[in-house]
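Peer 1: Contents of data_18.pdb (PDB, C-alpha atoms and all ligand atoms) are below:
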```pdb
ATOM      1  CA  MET A   1     142.436  80.723 100.452  1.00  0.00           C
ATOM      2  CA  SER A   2     140.948  77.578  99.009  1.00  0.00           C
ATOM      3  CA  GLN A   3     137.263  77.476  98.318  1.00  0.00           C
ATOM      4  CA  ARG A   4     135.462  75.129 100.678  1.00  0.00           C
ATOM      5  CA  ILE A   5     133.273  72.267  99.566  1.00  0.00           C
ATOM      6  CA  LEU A   6     131.117  70.287 101.952  1.00  0.00           C
ATOM      7  CA  ILE A   7     130.285  66.770 100.724  1.00  0.00           C
ATOM      8  CA  VAL A   8     127.304  65.141 102.416  1.00  0.00           C
ATOM      9  CA  GLU A   9     127.280  61.470 101.495  1.00  0.00           C
ATOM     10  CA  ASP A  10     126.848  58.367 103.640  1.00  0.00           C
ATOM     11  CA  GLU A  11     128.533  56.017 101.168  1.00  0.00           C
ATOM     12  CA  ALA A  12     132.136  56.284 102.326  1.00  0.00           C
ATOM     13  CA  GLU A  13     133.630  55.043  99.080  1.00  0.00           C
ATOM     14  CA  ILE A  14     131.867  57.640  96.937  1.00  0.00           C
ATOM     15  CA  ALA A  15     132.563  60.393  99.476  1.00  0.00           C
ATOM     16  CA  ASP A  16     136.240  59.541  99.531  1.00  0.00           C
ATOM     17  CA  TYR A  17     136.467  59.349  95.744  1.00  0.00           C
ATOM     18  CA  LEU A  18     134.920  62.827  95.426  1.00  0.00           C
ATOM     19  CA  ARG A  19     137.052  64.231  98.232  1.00  0.00           C
ATOM     20  CA  ARG A  20     140.299  63.058  96.648  1.00  0.00           C
ATOM     21  CA  GLY A  21     139.353  64.481  93.258  1.00  0.00           C
ATOM     22  CA  LEU A  22     138.307  67.856  94.634  1.00  0.00           C
ATOM     23  CA  VAL A  23     141.365  68.165  96.893  1.00  0.00           C
ATOM     24  CA  PHE A  24     143.514  67.418  93.845  1.00  0.00           C
ATOM     25  CA  GLU A  25     141.765  70.328  92.081  1.00  0.00           C
ATOM     26  CA  GLY A  26     142.754  72.631  94.937  1.00  0.00           C
ATOM     27  CA  TYR A  27     139.559  72.788  96.966  1.00  0.00           C
ATOM     28  CA  ALA A  28     139.326  72.407 100.733  1.00  0.00           C
ATOM     29  CA  VAL A  29     136.925  69.531 101.334  1.00  0.00           C
ATOM     30  CA  GLU A  30     134.960  68.491 104.378  1.00  0.00           C
ATOM     31  CA  LEU A  31     132.953  65.253 104.575  1.00  0.00           C
ATOM     32  CA  ALA A  32     129.728  64.671 106.482  1.00  0.00           C
ATOM     33  CA  GLY A  33     128.067  61.247 106.640  1.00  0.00           C
ATOM     34  CA  ASP A  34     124.607  62.457 107.599  1.00  0.00           C
ATOM     35  CA  GLY A  35     122.425  65.540 107.623  1.00  0.00           C
ATOM     36  CA  LEU A  36     122.883  66.642 111.220  1.00  0.00           C
ATOM     37  CA  VAL A  37     126.674  66.463 110.994  1.00  0.00           C
ATOM     38  CA  ALA A  38     126.434  68.418 107.738  1.00  0.00           C
ATOM     39  CA  LEU A  39     124.288  71.174 109.255  1.00  0.00           C
ATOM     40  CA  ALA A  40     126.667  71.540 112.205  1.00  0.00           C
ATOM     41  CA  ALA A  41     129.685  71.640 109.888  1.00  0.00           C
ATOM     42  CA  ALA A  42     128.035  74.241 107.644  1.00  0.00           C
ATOM     43  CA  ARG A  43     127.296  76.460 110.641  1.00  0.00           C
ATOM     44  CA  GLU A  44     130.811  76.272 112.018  1.00  0.00           C
ATOM     45  CA  ARG A  45     132.756  76.421 108.771  1.00  0.00           C
ATOM     46  CA  PRO A  46     130.498  77.912 106.054  1.00  0.00           C
ATOM     47  CA  PRO A  47     131.214  76.164 102.737  1.00  0.00           C
ATOM     48  CA  ASP A  48     131.238  77.812  99.290  1.00  0.00           C
ATOM     49  CA  VAL A  49     129.401  74.857  97.733  1.00  0.00           C
ATOM     50  CA  VAL A  50     127.541  71.881  99.177  1.00  0.00           C
ATOM     51  CA  VAL A  51     127.442  68.536  97.340  1.00  0.00           C
ATOM     52  CA  LEU A  52     124.493  66.778  98.907  1.00  0.00           C
ATOM     53  CA  ASP A  53     123.341  63.211  98.440  1.00  0.00           C
ATOM     54  CA  LEU A  54     119.563  62.861  98.359  1.00  0.00           C
ATOM     55  CA  MET A  55     119.419  59.470 100.094  1.00  0.00           C
ATOM     56  CA  LEU A  56     120.858  59.862 103.573  1.00  0.00           C
ATOM     57  CA  PRO A  57     120.187  58.128 106.884  1.00  0.00           C
ATOM     58  CA  GLY A  58     118.058  60.291 109.195  1.00  0.00           C
ATOM     59  CA  LEU A  59     117.275  63.594 107.486  1.00  0.00           C
ATOM     60  CA  ASP A  60     117.099  63.150 103.727  1.00  0.00           C
ATOM     61  CA  GLY A  61     118.816  65.471 101.282  1.00  0.00           C
ATOM     62  CA  MET A  62     115.738  67.617 100.663  1.00  0.00           C
ATOM     63  CA  GLU A  63     115.348  68.348 104.363  1.00  0.00           C
ATOM     64  CA  VAL A  64     119.030  69.101 104.724  1.00  0.00           C
ATOM     65  CA  ALA A  65     118.820  71.478 101.732  1.00  0.00           C
ATOM     66  CA  GLU A  66     115.836  73.252 103.248  1.00  0.00           C
ATOM     67  CA  ARG A  67     117.564  73.751 106.580  1.00  0.00           C
ATOM     68  CA  LEU A  68     120.781  74.906 104.934  1.00  0.00           C
ATOM     69  CA  ARG A  69     118.766  77.391 102.914  1.00  0.00           C
ATOM     70  CA  ALA A  70     117.114  78.802 105.990  1.00  0.00           C
ATOM     71  CA  GLY A  71     120.354  80.446 107.028  1.00  0.00           C
ATOM     72  CA  SER A  72     122.475  80.737 103.903  1.00  0.00           C
ATOM     73  CA  ASP A  73     122.448  81.130 100.134  1.00  0.00           C
ATOM     74  CA  VAL A  74     125.225  78.587  99.612  1.00  0.00           C
ATOM     75  CA  PRO A  75     124.897  76.786  96.230  1.00  0.00           C
ATOM     76  CA  ILE A  76     123.722  73.182  96.601  1.00  0.00           C
ATOM     77  CA  ILE A  77     124.391  70.408  94.077  1.00  0.00           C
ATOM     78  CA  MET A  78     122.185  67.398  94.767  1.00  0.00           C
ATOM     79  CA  LEU A  79     123.247  63.837  93.962  1.00  0.00           C
ATOM     80  CA  THR A  80     120.500  61.390  93.204  1.00  0.00           C
ATOM     81  CA  ALA A  81     119.923  57.842  91.959  1.00  0.00           C
ATOM     82  CA  ARG A  82     118.455  57.478  88.494  1.00  0.00           C
ATOM     83  CA  GLU A  83     115.229  55.799  89.623  1.00  0.00           C
ATOM     84  CA  SER A  84     114.341  58.689  91.893  1.00  0.00           C
ATOM     85  CA  VAL A  85     114.786  61.393  89.281  1.00  0.00           C
ATOM     86  CA  ALA A  86     111.668  61.355  87.129  1.00  0.00           C
ATOM     87  CA  ASP A  87     109.115  62.231  89.769  1.00  0.00           C
ATOM     88  CA  ARG A  88     111.416  64.417  91.781  1.00  0.00           C
ATOM     89  CA  VAL A  89     112.880  66.817  89.274  1.00  0.00           C
ATOM     90  CA  ALA A  90     110.629  69.645  90.408  1.00  0.00           C
ATOM     91  CA  GLY A  91     111.548  69.011  94.024  1.00  0.00           C
ATOM     92  CA  LEU A  92     115.223  68.805  93.192  1.00  0.00           C
ATOM     93  CA  GLU A  93     115.030  72.064  91.354  1.00  0.00           C
ATOM     94  CA  ARG A  94     113.291  73.715  94.257  1.00  0.00           C
ATOM     95  CA  GLY A  95     115.748  72.482  96.841  1.00  0.00           C
ATOM     96  CA  ALA A  96     119.006  72.623  94.904  1.00  0.00           C
ATOM     97  CA  ASP A  97     120.824  74.824  92.412  1.00  0.00           C
ATOM     98  CA  ASP A  98     121.741  71.836  90.303  1.00  0.00           C
ATOM     99  CA  TYR A  99     121.584  68.074  90.477  1.00  0.00           C
ATOM    100  CA  LEU A 100     123.561  65.150  89.146  1.00  0.00           C
ATOM    101  CA  VAL A 101     122.313  61.635  88.513  1.00  0.00           C
ATOM    102  CA  LYS A 102     124.445  58.758  89.830  1.00  0.00           C
ATOM    103  CA  PRO A 103     126.604  57.337  88.460  1.00  0.00           C
ATOM    104  CA  PHE A 104     128.402  60.349  87.038  1.00  0.00           C
ATOM    105  CA  ALA A 105     131.946  61.087  85.914  1.00  0.00           C
ATOM    106  CA  PHE A 106     134.006  63.129  88.345  1.00  0.00           C
ATOM    107  CA  GLU A 107     134.646  65.710  85.615  1.00  0.00           C
ATOM    108  CA  GLU A 108     130.929  66.272  85.392  1.00  0.00           C
ATOM    109  CA  LEU A 109     130.715  67.131  89.081  1.00  0.00           C
ATOM    110  CA  LEU A 110     133.785  69.353  88.797  1.00  0.00           C
ATOM    111  CA  ALA A 111     132.179  71.295  85.943  1.00  0.00           C
ATOM    112  CA  ARG A 112     128.996  71.824  87.974  1.00  0.00           C
ATOM    113  CA  VAL A 113     130.981  72.906  91.039  1.00  0.00           C
ATOM    114  CA  ARG A 114     132.853  75.478  88.964  1.00  0.00           C
ATOM    115  CA  VAL A 115     129.636  76.844  87.468  1.00  0.00           C
ATOM    116  CA  GLN A 116     128.069  77.235  90.912  1.00  0.00           C
ATOM    117  CA  LEU A 117     131.146  78.893  92.408  1.00  0.00           C
ATOM    118  CA  ARG A 118     131.375  81.320  89.497  1.00  0.00           C
ATOM    119  CA  ARG A 119     127.696  82.137  89.592  1.00  0.00           C
ATOM    120  CA  HIS A 120     127.669  82.637  93.321  1.00  0.00           C
ATOM    121  CA  GLN A 121     130.730  84.899  93.227  1.00  0.00           C
ATOM    122  CA  ALA A 122     129.186  86.913  90.421  1.00  0.00           C
ATOM    123  CA  GLN A 123     125.960  87.283  92.358  1.00  0.00           C
ATOM    124  CA  SER A 124     127.807  88.498  95.420  1.00  0.00           C
ATOM    125  CA  SER A 125     129.649  91.108  93.393  1.00  0.00           C
ATOM    126  CA  GLY A 126     126.780  92.041  91.053  1.00  0.00           C
ATOM    127  CA  GLU A 127     128.931  91.310  88.056  1.00  0.00           C
ATOM    128  CA  ILE A 128     128.094  92.263  84.464  1.00  0.00           C
ATOM    129  CA  LEU A 129     130.431  91.202  81.653  1.00  0.00           C
ATOM    130  CA  HIS A 130     130.764  93.417  78.573  1.00  0.00           C
ATOM    131  CA  PHE A 131     132.132  92.846  75.111  1.00  0.00           C
ATOM    132  CA  GLY A 132     131.376  95.244  72.266  1.00  0.00           C
ATOM    133  CA  PRO A 133     127.577  95.559  72.125  1.00  0.00           C
ATOM    134  CA  LEU A 134     127.098  92.524  74.402  1.00  0.00           C
ATOM    135  CA  ALA A 135     126.313  92.632  78.093  1.00  0.00           C
ATOM    136  CA  LEU A 136     125.972  89.503  80.200  1.00  0.00           C
ATOM    137  CA  ASP A 137     124.244  90.112  83.503  1.00  0.00           C
ATOM    138  CA  LEU A 138     125.229  87.282  85.832  1.00  0.00           C
ATOM    139  CA  VAL A 139     122.747  88.283  88.512  1.00  0.00           C
ATOM    140  CA  ALA A 140     119.652  88.624  86.348  1.00  0.00           C
ATOM    141  CA  HIS A 141     120.985  85.841  84.097  1.00  0.00           C
ATOM    142  CA  GLU A 142     120.314  88.048  81.103  1.00  0.00           C
ATOM    143  CA  VAL A 143     121.978  88.667  77.760  1.00  0.00           C
ATOM    144  CA  ARG A 144     121.611  92.076  76.117  1.00  0.00           C
ATOM    145  CA  VAL A 145     122.696  93.388  72.732  1.00  0.00           C
ATOM    146  CA  ASP A 146     122.793  97.199  72.838  1.00  0.00           C
ATOM    147  CA  GLU A 147     120.317  97.071  75.733  1.00  0.00           C
ATOM    148  CA  ARG A 148     117.970  94.733  73.846  1.00  0.00           C
ATOM    149  CA  ARG A 149     117.255  91.598  75.848  1.00  0.00           C
ATOM    150  CA  VAL A 150     117.914  88.280  74.097  1.00  0.00           C
ATOM    151  CA  ALA A 151     116.456  85.035  75.458  1.00  0.00           C
ATOM    152  CA  PHE A 152     119.114  82.372  76.105  1.00  0.00           C
ATOM    153  CA  THR A 153     118.861  78.828  77.413  1.00  0.00           C
ATOM    154  CA  ALA A 154     120.992  77.924  80.437  1.00  0.00           C
ATOM    155  CA  LYS A 155     123.641  76.123  78.338  1.00  0.00           C
ATOM    156  CA  GLU A 156     123.789  78.903  75.753  1.00  0.00           C
ATOM    157  CA  PHE A 157     124.284  81.382  78.565  1.00  0.00           C
ATOM    158  CA  GLU A 158     127.138  79.328  80.037  1.00  0.00           C
ATOM    159  CA  LEU A 159     128.796  79.070  76.654  1.00  0.00           C
ATOM    160  CA  LEU A 160     128.587  82.806  75.985  1.00  0.00           C
ATOM    161  CA  GLU A 161     129.811  83.507  79.517  1.00  0.00           C
ATOM    162  CA  LEU A 162     132.892  81.375  78.862  1.00  0.00           C
ATOM    163  CA  PHE A 163     133.660  83.330  75.678  1.00  0.00           C
ATOM    164  CA  MET A 164     133.115  86.662  77.429  1.00  0.00           C
ATOM    165  CA  ARG A 165     135.495  85.705  80.215  1.00  0.00           C
ATOM    166  CA  HIS A 166     138.163  84.906  77.605  1.00  0.00           C
ATOM    167  CA  PRO A 167     137.737  87.475  74.813  1.00  0.00           C
ATOM    168  CA  ARG A 168     140.108  87.304  71.823  1.00  0.00           C
ATOM    169  CA  GLN A 169     141.339  83.934  73.059  1.00  0.00           C
ATOM    170  CA  VAL A 170     140.862  80.811  70.956  1.00  0.00           C
ATOM    171  CA  LEU A 171     138.871  78.260  72.947  1.00  0.00           C
ATOM    172  CA  THR A 172     139.427  74.716  71.722  1.00  0.00           C
ATOM    173  CA  ARG A 173     136.600  72.273  71.191  1.00  0.00           C
ATOM    174  CA  ASP A 174     137.996  70.067  73.964  1.00  0.00           C
ATOM    175  CA  LEU A 175     137.988  72.944  76.407  1.00  0.00           C
ATOM    176  CA  LEU A 176     134.417  73.900  75.502  1.00  0.00           C
ATOM    177  CA  TYR A 177     133.222  70.308  75.970  1.00  0.00           C
ATOM    178  CA  GLU A 178     134.978  70.011  79.280  1.00  0.00           C
ATOM    179  CA  ARG A 179     133.842  73.325  80.714  1.00  0.00           C
ATOM    180  CA  ILE A 180     130.261  73.374  79.494  1.00  0.00           C
ATOM    181  CA  TRP A 181     129.288  69.722  79.315  1.00  0.00           C
ATOM    182  CA  GLY A 182     131.755  68.376  81.849  1.00  0.00           C
ATOM    183  CA  TYR A 183     133.026  65.534  79.743  1.00  0.00           C
ATOM    184  CA  ASP A 184     134.548  64.639  76.395  1.00  0.00           C
ATOM    185  CA  PHE A 185     132.286  63.678  73.523  1.00  0.00           C
ATOM    186  CA  GLY A 186     135.276  62.055  71.823  1.00  0.00           C
ATOM    187  CA  GLY A 187     134.965  64.323  68.801  1.00  0.00           C
ATOM    188  CA  GLU A 188     131.847  62.475  67.637  1.00  0.00           C
ATOM    189  CA  SER A 189     129.262  65.009  68.626  1.00  0.00           C
ATOM    190  CA  ASN A 190     128.236  68.152  66.760  1.00  0.00           C
ATOM    191  CA  VAL A 191     126.701  69.635  69.909  1.00  0.00           C
ATOM    192  CA  ILE A 192     129.185  72.534  69.909  1.00  0.00           C
ATOM    193  CA  GLU A 193     128.371  73.451  66.298  1.00  0.00           C
ATOM    194  CA  VAL A 194     124.683  73.417  67.149  1.00  0.00           C
ATOM    195  CA  TYR A 195     125.162  75.723  70.139  1.00  0.00           C
ATOM    196  CA  ILE A 196     127.540  78.086  68.347  1.00  0.00           C
ATOM    197  CA  ARG A 197     125.023  78.394  65.517  1.00  0.00           C
ATOM    198  CA  ALA A 198     122.265  79.196  68.009  1.00  0.00           C
ATOM    199  CA  LEU A 199     124.396  81.829  69.720  1.00  0.00           C
ATOM    200  CA  ARG A 200     125.284  83.503  66.445  1.00  0.00           C
ATOM    201  CA  GLN A 201     121.699  83.485  65.221  1.00  0.00           C
ATOM    202  CA  LYS A 202     120.337  85.007  68.406  1.00  0.00           C
ATOM    203  CA  LEU A 203     123.016  87.678  68.717  1.00  0.00           C
ATOM    204  CA  GLU A 204     122.889  88.594  65.054  1.00  0.00           C
ATOM    205  CA  ALA A 205     119.086  88.672  65.008  1.00  0.00           C
ATOM    206  CA  ALA A 206     119.374  91.263  67.787  1.00  0.00           C
ATOM    207  CA  GLY A 207     121.637  93.383  65.612  1.00  0.00           C
ATOM    208  CA  ALA A 208     125.174  92.334  66.574  1.00  0.00           C
ATOM    209  CA  ALA A 209     127.842  91.719  63.920  1.00  0.00           C
ATOM    210  CA  ARG A 210     129.496  88.294  63.728  1.00  0.00           C
ATOM    211  CA  LEU A 211     131.422  88.046  67.029  1.00  0.00           C
ATOM    212  CA  ILE A 212     132.082  84.331  67.459  1.00  0.00           C
ATOM    213  CA  HIS A 213     134.473  83.166  64.771  1.00  0.00           C
ATOM    214  CA  THR A 214     135.446  79.646  63.756  1.00  0.00           C
ATOM    215  CA  ILE A 215     139.129  78.776  63.833  1.00  0.00           C
ATOM    216  CA  ARG A 216     139.092  75.792  61.531  1.00  0.00           C
ATOM    217  CA  GLY A 217     140.303  72.559  63.104  1.00  0.00           C
ATOM    218  CA  VAL A 218     140.891  74.251  66.479  1.00  0.00           C
ATOM    219  CA  GLY A 219     137.883  75.923  68.013  1.00  0.00           C
ATOM    220  CA  TYR A 220     136.245  79.324  68.337  1.00  0.00           C
ATOM    221  CA  VAL A 221     137.108  82.849  69.357  1.00  0.00           C
ATOM    222  CA  LEU A 222     135.119  85.879  70.488  1.00  0.00           C
ATOM    223  CA  ARG A 223     136.459  88.968  68.751  1.00  0.00           C
ATOM    224  CA  ASP A 224     135.063  91.967  66.963  1.00  0.00           C
ATOM    225  CA  GLU A 225     136.541  91.503  63.504  1.00  0.00           C
ATOM    226  CA  GLY A 226     136.888  88.665  61.049  1.00  0.00           C
TER
HETATM  227 CA    CA B   1     123.346  57.853 100.075  1.00  0.00          CA
END
```
Show how you would write the structure in this file as structure tokens.

Peer 2:
Amino acid sequence: MSQRILIVEDEAEIADYLRRGLVFEGYAVELAGDGLVALAAARERPPDVVVLDLMLPGLDGMEVAERLRAGSDVPIIMLTARESVADRVAGLERGADDYLVKPFAFEELLARVRVQLRRHQAQSSGEILHFGPLALDLVAHEVRVDERRVAFTAKEFELLELFMRHPRQVLTRDLLYERIWGYDFGGESNVIEVYIRALRQKLEAAGAARLIHTIRGVGYVLRDEG
């Protein structure tokens, strides 16, 4: 069965654009143009993720998020205009699992939706991923090397999670950009190198051997020998 996404957005053009993209990706999508319609829809047909615009007629996005949260732990991705971000980040973080600043590329939203769905599924099943001495606890959001805890940033955690879900499989740079950052850097950025270096340093400082290997000109692979 398709995973259900509820989009709460009063701007019909944006809502429709998101709906078409998400349906194309295989999700079942429901649209709501205001908060009350959204709350009723969520009660009747519980979604797996809610994409919620902050600026809505009637109840605003924060209120809708609060009411949704009263009866459910559904992940919420908040959409917000740039000018309202600075002073509201704390509020956004309290009310939502993630937020995106308009305008954004569709791929960016898709990446966030996938992260939330994965995380929520993992939390429901209490999942821990293992590879060699590594353990990735998706509930506690913790990385351990032979039971030693290693502090990871959110992006580093996502990157390691991706490798641990695809062990011994070469992950291309394009795929890493798309899955972790949600868009293509056009090969200009060294952000992947920076993150891979950080991962290696942290894991190796905790006593692990080299586990993430460079496949020159292609990408990276998680495996336990050179
Ligand atoms: Ca709006």

Peer 1: From the list A:Ala32, A:Ile128, A:Leu211, A:Val145, which residue is nearest ligand CA 1 (chain B) when using all atoms listed in the file?

Peer 2: A:Ala32

Peer 1: Just need the box for region 100-115 of chain A, edges along x, y and z, holding every atom the file lists for it with 6 Å tacked onto each side, so centre and edge lengths in Å to one decimal, as JSON.

Peer 2:
```
{"center_x": 128.5, "center_y": 67.1, "center_z": 88.2, "size_x": 24.3, "size_y": 31.5, "size_z": 17.6}
```

Peer 1: With 10 Å as the threshold, what does the neighbourhood of (123.0, 90.5, 76.7) contain in terms of residues, counting all atoms listed in the file? Coordinates are those of the file; answer as a VMD selection string.

Peer 2: chain A and resid 128 to 131 133 to 138 141 to 152 157 160 203 206

Peer 1: Applied to this file, what does the PyMOL selection byres (((not hetatm)) within 8 of (chain B and resi 1)) return in terms of residues, put as a list in words?

Peer 2: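 The output of the PyMOL selection byres (((not hetatm)) within 8 of (chain B and resi 1)) on this file is Glu9, Asp10, Glu11, Asp53, Leu54, Met55, Leu56 and Pro57 of chain A.
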
Peer 1: Quick one: which residues end up in the PyMOL selection byres (((chain A and resi 101) around 7) and not hetatm) for this structure, as a PyMOL selection string?

Peer 2: chain A and resi 79-82+99-100+102-104

Peer 1: With distances taken over only C-alpha atoms, which of A:Ile215, A:Leu59, A:Val50, A:Val8 is nearest to Pro75 (chain A)?

Peer 2: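 Smallest distance to Pro75 (chain A) is found for A:Val50.
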
Peer 1: Could you state the separation of CA of Pro46 (chain A) and CA of Glu127 (chain A) in Å, given to one decimal place?

Peer 2: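 A separation of 22.5 Å between them.
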
Peer 1: Quick check on the file I pasted: which residues fall under the PyMOL selection byres (((chain A and resi 166-176) around 6) and not hetatm)? Write them as number ranges by chain.

Peer 2: A: 163-165, 177-180, 218-223

Peer 1: Need to verify the contact set: region 106-118 of chain A, 9 Å, only C-alpha atoms, exclusion of same-chain residues closer than 4 positions in sequence. Can you return it as a list of chain:residue names?

Peer 2: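 In the requested form, the answer reads A:Gln3, A:Ile5, A:Tyr17, A:Leu18, A:Gly21, A:Leu22, A:Glu25, A:Asp48, A:Val49, A:Val50, A:Val51, A:Pro75, A:Ile76, A:Ile77, A:Asp97, A:Asp98, A:Tyr99, A:Leu100, A:Ala122, A:Gln123, A:Glu158, A:Glu178, A:Arg179, A:Ile180, A:Trp181, A:Gly182, A:Tyr183.
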
Peer 1: To one decimal in Å, tell me the separation between CA of Ile196 (chain A) and CA of Lys155 (chain A).

Peer 2: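 We find that CA of Ile196 (chain A) and CA of Lys155 (chain A) lie 10.9 Å from each other.
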
Peer 1: To one decimal place, how far is CA of Val194 (chain A) from CA of Thr153 (chain A) in Å?

Peer 2: 13.0 Å

Peer 1: Using all atoms listed in the file, which of the listed residues (A:Val74, A:His120, A:Gly95, A:Ala42) sits closest to Met62 (chain A)?

Peer 2: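 Among A:Val74, A:His120, A:Gly95, A:Ala42, it is A:Gly95 that comes nearest to Met62 (chain A).
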
Peer 1: If we count all atoms listed in the file and set the cut-off at 12 Å, which residues sit around Arg197 (chain A), ignoring sequence neighbours fewer than 6 positions away in its own chain? Please answer as a list in words.

Peer 2: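 After dropping sequence-adjacent residues, the list is Glu156, Leu159, Leu160, Asn190, Val191, Leu203, Glu204, Ala205, Arg210, Leu211, Ile212, His213, Thr214 and Tyr220 of chain A.
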